[in-house]
Amino acid sequence: YVARRDGYFNPYVGTGGLNSPLALANLSSGFATSRTRNRVATASLQADGPLWPLPGGDLQLAVGAQARREGLVQDAANFFASATPVAGTPADVTRTVAAGYAELRVPLVGAANARPGVDRLEVSLAGRVEHYEGTGTSFNPKAGLVWAPAADLRLRGTYGRSFRAPALRETNDLPRYTPTNFPEGAARVQALLLAGGNADLDPERAETFTVGADWTPQPLPGLSINVSAYAIRFKDRIDRPVQANLVNALVDPALAAFVTRISPATNPADRALIQAFLDSGFVSGGTGPAPAEAFAVIVDNRYVNTSSLRLRGLDLAGRYQWDVGADQFGLGLQGAYVLDFEQKLTPTSAAVERAGTMNFPVRVRGRATADWSRGAVGLGLAANYTGRYRDVAGTRIDDLLTLDLQARWRADLGPFAGTAVLLNVRNLFDKGPPFYDNPLGIAYDGALGDPIGRYVSLQLTKTW
């Protein structure tokens, strides 16, 4: 179909207009279909309980076994870039995963043998063996320690290793090659976006460290404070790096390894490369078929093993409840601070700090609550905070503070016994998300910004 030869399409003449039949036929032709079915069957067996008494309490043991059968069936057809529909290579794969685990809880010091400085001391040891058909076997240990130097203070720490084999979709998902336009400054660049599974994926592994403290001071009953710190190190993490910053893929230096610049009009090797993708039968609609010479970039959004990821952060939670006559009051605070989200996508690329940047965890998030109740009625107010962060170009996106309101009533006696009414107002003052000069043209960050605004819901519950 060539417009200057076969006729242009005029959208303003209506269905009875004088558009060329060839133009109308071209607009209505082309489709892509894809069907995916996942199947999972699991069986598990567990036994747990005390083994024998120790001075600090009962020695506890839990053992178990699990078996899982996973299946993936996919098929597809494409009628965008060929004269006749092309069937995609179907996928029909299964695997069996078998696992066994054990966990031992050893209370060394408890109420019966507490002493000054050691009100409680407990050790936990756990291990899990997993065998993935076609991938291999892994052993993942975990150890924990709880020490209470006083009755109202508990200190804790854990260390563990984890293992995750690639999911069936991550290795067997059908290829999808989409012609699209990527922004690069003020220009738009014709690109071919590659998506789909990767049969060469390796398992991902991680090490996790946590430490924390729980304080419930005896002079202030009703007060509890919990502080935790964590550090997670991933190796060979399975990811689609481009997906996290798809719109800015051409301008994000960290994604350079997944962007291939080509010149099919002047370089025979580049033309052969892009033509192989276009002739594969996996080209989807996107911006529509285009000749090989029209493409300037290939962007690879398929699953890969990234080199490493280091994640560190702090979590804080506090709660204080007290009574004044028949009234009950409560204050709460939850907060999270991300110290590091350091990503290294390839073995030769530099580590990049992603915390506080677009499409990655913001540095600071929090929620504060205040609650009052008296008999059958209650009111609650919550403040939600999302800290400021920056887009890929370094432009600051402002922080966001919203308020939620809740009113509740319940009847325990009389003709309405068992009835409860709950009124929720989310984003009480209808505050919009902070402005972001989004290349998609929606003026806010769709991952963290909520465009709905004030949202009111009423819930009526009756129990008997």
# chains A, B, ... in the order shown; residues from 1 in each chain; ligands from 1
call {"tool": "select_by_dssp", "arguments": {"residues": "range 70-167 of chain A", "states": "strand (DSSP E)", "output": "PyMOL selection string"}}
result
chain A and resi 70-78+86-87+91-109+120-132+136-150+153-164
call {"tool": "residues_around", "arguments": {"residues": "Phe163 in chain A", "least_positions_apart": "6", "cutoff": "8 Å", "atoms": "only C-alpha atoms", "output": "ChimeraX atom specification"}}
result
/A:138,140,203-206
call {"tool": "write_last_selection", "arguments": {"atoms": "N, CA, C and O atoms", "output": "PDB file, in the first residue's frame"}}
result
ATOM      1  N   SER A 138      19.895 -25.895  45.162  1.00  0.00           N
ATOM      2  CA  SER A 138      20.483 -24.847  45.989  1.00  0.00           C
ATOM      3  C   SER A 138      20.182 -25.127  47.450  1.00  0.00           C
ATOM      4  O   SER A 138      19.175 -25.759  47.791  1.00  0.00           O
ATOM      5  N   ASN A 140      19.902 -22.873  51.020  1.00  0.00           N
ATOM      6  CA  ASN A 140      19.815 -21.504  51.511  1.00  0.00           C
ATOM      7  C   ASN A 140      19.639 -21.506  53.031  1.00  0.00           C
ATOM      8  O   ASN A 140      18.576 -21.909  53.527  1.00  0.00           O
ATOM      9  N   PRO A 203      20.066 -18.304  37.492  1.00  0.00           N
ATOM     10  CA  PRO A 203      19.326 -17.990  38.715  1.00  0.00           C
ATOM     11  C   PRO A 203      19.891 -16.732  39.375  1.00  0.00           C
ATOM     12  O   PRO A 203      21.060 -16.393  39.212  1.00  0.00           O
ATOM     13  N   GLU A 204      19.038 -16.048  40.124  1.00  0.00           N
ATOM     14  CA  GLU A 204      19.504 -14.908  40.903  1.00  0.00           C
ATOM     15  C   GLU A 204      19.665 -15.329  42.354  1.00  0.00           C
ATOM     16  O   GLU A 204      18.949 -16.194  42.862  1.00  0.00           O
ATOM     17  N   ARG A 205      20.634 -14.706  43.006  1.00  0.00           N
ATOM     18  CA  ARG A 205      20.928 -15.012  44.406  1.00  0.00           C
ATOM     19  C   ARG A 205      21.006 -13.719  45.200  1.00  0.00           C
ATOM     20  O   ARG A 205      21.276 -12.655  44.646  1.00  0.00           O
ATOM     21  N   ALA A 206      20.774 -13.846  46.501  1.00  0.00           N
ATOM     22  CA  ALA A 206      20.812 -12.657  47.347  1.00  0.00           C
ATOM     23  C   ALA A 206      21.266 -13.033  48.746  1.00  0.00           C
ATOM     24  O   ALA A 206      21.071 -14.166  49.208  1.00  0.00           O
TER      25      ALA A 206
END
call {"tool": "residues_around", "arguments": {"residues": "Phe234 in chain A", "least_positions_apart": "3", "cutoff": "12 Å", "atoms": "only C-alpha atoms", "output": "PyMOL selection string"}}
result
chain A and resi 161-164+203-209+231+237-239+305-312+341-345
call {"tool": "atom_distance", "arguments": {"atom1": "CA of Leu61 in chain A", "atom2": "CA of Gly49 in chain A"}}
result
5.8 Å
call {"tool": "select_by_dssp", "arguments": {"residues": "range 190-414 of chain A", "states": "alpha helix (DSSP H)", "output": "PDB file with all heavy atoms, in the first residue's frame"}}
result
ATOM      1  N   PRO A 268      25.687  -2.431   5.583  1.00  0.00           N
ATOM      2  CA  PRO A 268      25.012  -3.704   5.245  1.00  0.00           C
ATOM      3  C   PRO A 268      24.788  -4.594   6.461  1.00  0.00           C
ATOM      4  O   PRO A 268      23.760  -5.292   6.542  1.00  0.00           O
ATOM      5  CB  PRO A 268      25.968  -4.349   4.233  1.00  0.00           C
ATOM      6  CG  PRO A 268      26.745  -3.196   3.663  1.00  0.00           C
ATOM      7  CD  PRO A 268      26.893  -2.210   4.769  1.00  0.00           C
ATOM      8  N   ALA A 269      25.731  -4.616   7.410  1.00  0.00           N
ATOM      9  CA  ALA A 269      25.562  -5.454   8.601  1.00  0.00           C
ATOM     10  C   ALA A 269      24.385  -4.973   9.446  1.00  0.00           C
ATOM     11  O   ALA A 269      23.604  -5.784   9.966  1.00  0.00           O
ATOM     12  CB  ALA A 269      26.847  -5.449   9.430  1.00  0.00           C
ATOM     13  N   ASP A 270      24.252  -3.656   9.582  1.00  0.00           N
ATOM     14  CA  ASP A 270      23.115  -3.121  10.326  1.00  0.00           C
ATOM     15  C   ASP A 270      21.803  -3.446   9.625  1.00  0.00           C
ATOM     16  O   ASP A 270      20.799  -3.781  10.268  1.00  0.00           O
ATOM     17  CB  ASP A 270      23.250  -1.600  10.492  1.00  0.00           C
ATOM     18  CG  ASP A 270      24.335  -1.223  11.478  1.00  0.00           C
ATOM     19  OD1 ASP A 270      24.817  -2.113  12.191  1.00  0.00           O
ATOM     20  OD2 ASP A 270      24.688  -0.021  11.543  1.00  0.00           O
ATOM     21  N   ARG A 271      21.817  -3.362   8.304  1.00  0.00           N
ATOM     22  CA  ARG A 271      20.582  -3.658   7.568  1.00  0.00           C
ATOM     23  C   ARG A 271      20.199  -5.126   7.724  1.00  0.00           C
ATOM     24  O   ARG A 271      19.017  -5.460   7.891  1.00  0.00           O
ATOM     25  CB  ARG A 271      20.733  -3.318   6.089  1.00  0.00           C
ATOM     26  CG  ARG A 271      19.393  -3.305   5.366  1.00  0.00           C
ATOM     27  CD  ARG A 271      19.514  -3.124   3.873  1.00  0.00           C
ATOM     28  NE  ARG A 271      18.211  -2.842   3.284  1.00  0.00           N
ATOM     29  CZ  ARG A 271      17.231  -3.742   3.157  1.00  0.00           C
ATOM     30  NH1 ARG A 271      17.422  -4.992   3.587  1.00  0.00           N
ATOM     31  NH2 ARG A 271      16.067  -3.401   2.632  1.00  0.00           N
ATOM     32  N   ALA A 272      21.187  -6.015   7.682  1.00  0.00           N
ATOM     33  CA  ALA A 272      20.903  -7.441   7.850  1.00  0.00           C
ATOM     34  C   ALA A 272      20.366  -7.718   9.263  1.00  0.00           C
ATOM     35  O   ALA A 272      19.464  -8.553   9.444  1.00  0.00           O
ATOM     36  CB  ALA A 272      22.163  -8.257   7.589  1.00  0.00           C
ATOM     37  N   LEU A 273      20.910  -7.023  10.251  1.00  0.00           N
ATOM     38  CA  LEU A 273      20.470  -7.214  11.629  1.00  0.00           C
ATOM     39  C   LEU A 273      19.015  -6.813  11.810  1.00  0.00           C
ATOM     40  O   LEU A 273      18.197  -7.596  12.330  1.00  0.00           O
ATOM     41  CB  LEU A 273      21.367  -6.404  12.568  1.00  0.00           C
ATOM     42  CG  LEU A 273      20.970  -6.402  14.050  1.00  0.00           C
ATOM     43  CD1 LEU A 273      21.066  -7.815  14.635  1.00  0.00           C
ATOM     44  CD2 LEU A 273      21.854  -5.428  14.836  1.00  0.00           C
ATOM     45  N   ILE A 274      18.654  -5.620  11.370  1.00  0.00           N
ATOM     46  CA  ILE A 274      17.288  -5.145  11.576  1.00  0.00           C
ATOM     47  C   ILE A 274      16.314  -5.932  10.701  1.00  0.00           C
ATOM     48  O   ILE A 274      15.179  -6.225  11.105  1.00  0.00           O
ATOM     49  CB  ILE A 274      17.190  -3.625  11.313  1.00  0.00           C
ATOM     50  CG1 ILE A 274      15.831  -3.094  11.761  1.00  0.00           C
ATOM     51  CG2 ILE A 274      17.431  -3.301   9.858  1.00  0.00           C
ATOM     52  CD1 ILE A 274      15.609  -3.118  13.235  1.00  0.00           C
ATOM     53  N   GLN A 275      16.749  -6.310   9.497  1.00  0.00           N
ATOM     54  CA  GLN A 275      15.863  -7.053   8.603  1.00  0.00           C
ATOM     55  C   GLN A 275      15.540  -8.433   9.175  1.00  0.00           C
ATOM     56  O   GLN A 275      14.422  -8.956   9.002  1.00  0.00           O
ATOM     57  CB  GLN A 275      16.484  -7.187   7.218  1.00  0.00           C
ATOM     58  CG  GLN A 275      15.500  -7.648   6.151  1.00  0.00           C
ATOM     59  CD  GLN A 275      14.380  -6.639   5.925  1.00  0.00           C
ATOM     60  OE1 GLN A 275      14.632  -5.462   5.700  1.00  0.00           O
ATOM     61  NE2 GLN A 275      13.130  -7.107   5.995  1.00  0.00           N
ATOM     62  N   ALA A 276      16.509  -9.022   9.877  1.00  0.00           N
ATOM     63  CA  ALA A 276      16.264 -10.328  10.494  1.00  0.00           C
ATOM     64  C   ALA A 276      15.149 -10.228  11.535  1.00  0.00           C
ATOM     65  O   ALA A 276      14.293 -11.114  11.637  1.00  0.00           O
ATOM     66  CB  ALA A 276      17.548 -10.861  11.124  1.00  0.00           C
ATOM     67  N   PHE A 277      15.150  -9.158  12.304  1.00  0.00           N
ATOM     68  CA  PHE A 277      14.064  -8.956  13.273  1.00  0.00           C
ATOM     69  C   PHE A 277      12.736  -8.724  12.553  1.00  0.00           C
ATOM     70  O   PHE A 277      11.699  -9.271  12.938  1.00  0.00           O
ATOM     71  CB  PHE A 277      14.378  -7.773  14.183  1.00  0.00           C
ATOM     72  CG  PHE A 277      15.432  -8.051  15.212  1.00  0.00           C
ATOM     73  CD1 PHE A 277      16.610  -7.323  15.234  1.00  0.00           C
ATOM     74  CD2 PHE A 277      15.240  -9.028  16.177  1.00  0.00           C
ATOM     75  CE1 PHE A 277      17.583  -7.561  16.197  1.00  0.00           C
ATOM     76  CE2 PHE A 277      16.214  -9.277  17.135  1.00  0.00           C
ATOM     77  CZ  PHE A 277      17.385  -8.556  17.148  1.00  0.00           C
ATOM     78  N   LEU A 278      12.756  -7.907  11.500  1.00  0.00           N
ATOM     79  CA  LEU A 278      11.512  -7.578  10.795  1.00  0.00           C
ATOM     80  C   LEU A 278      10.922  -8.788  10.086  1.00  0.00           C
ATOM     81  O   LEU A 278       9.700  -8.884   9.923  1.00  0.00           O
ATOM     82  CB  LEU A 278      11.771  -6.457   9.791  1.00  0.00           C
ATOM     83  CG  LEU A 278      12.224  -5.109  10.375  1.00  0.00           C
ATOM     84  CD1 LEU A 278      12.505  -4.109   9.268  1.00  0.00           C
ATOM     85  CD2 LEU A 278      11.184  -4.557  11.344  1.00  0.00           C
TER      86      LEU A 278
END
call {"tool": "residues_around", "arguments": {"residues": "Asn181 in chain A", "least_positions_apart": "4", "cutoff": "8 Å", "atoms": "only C-alpha atoms", "output": "JSON, numbers by chain"}}
result
{"A": [188, 189, 190, 191, 287]}
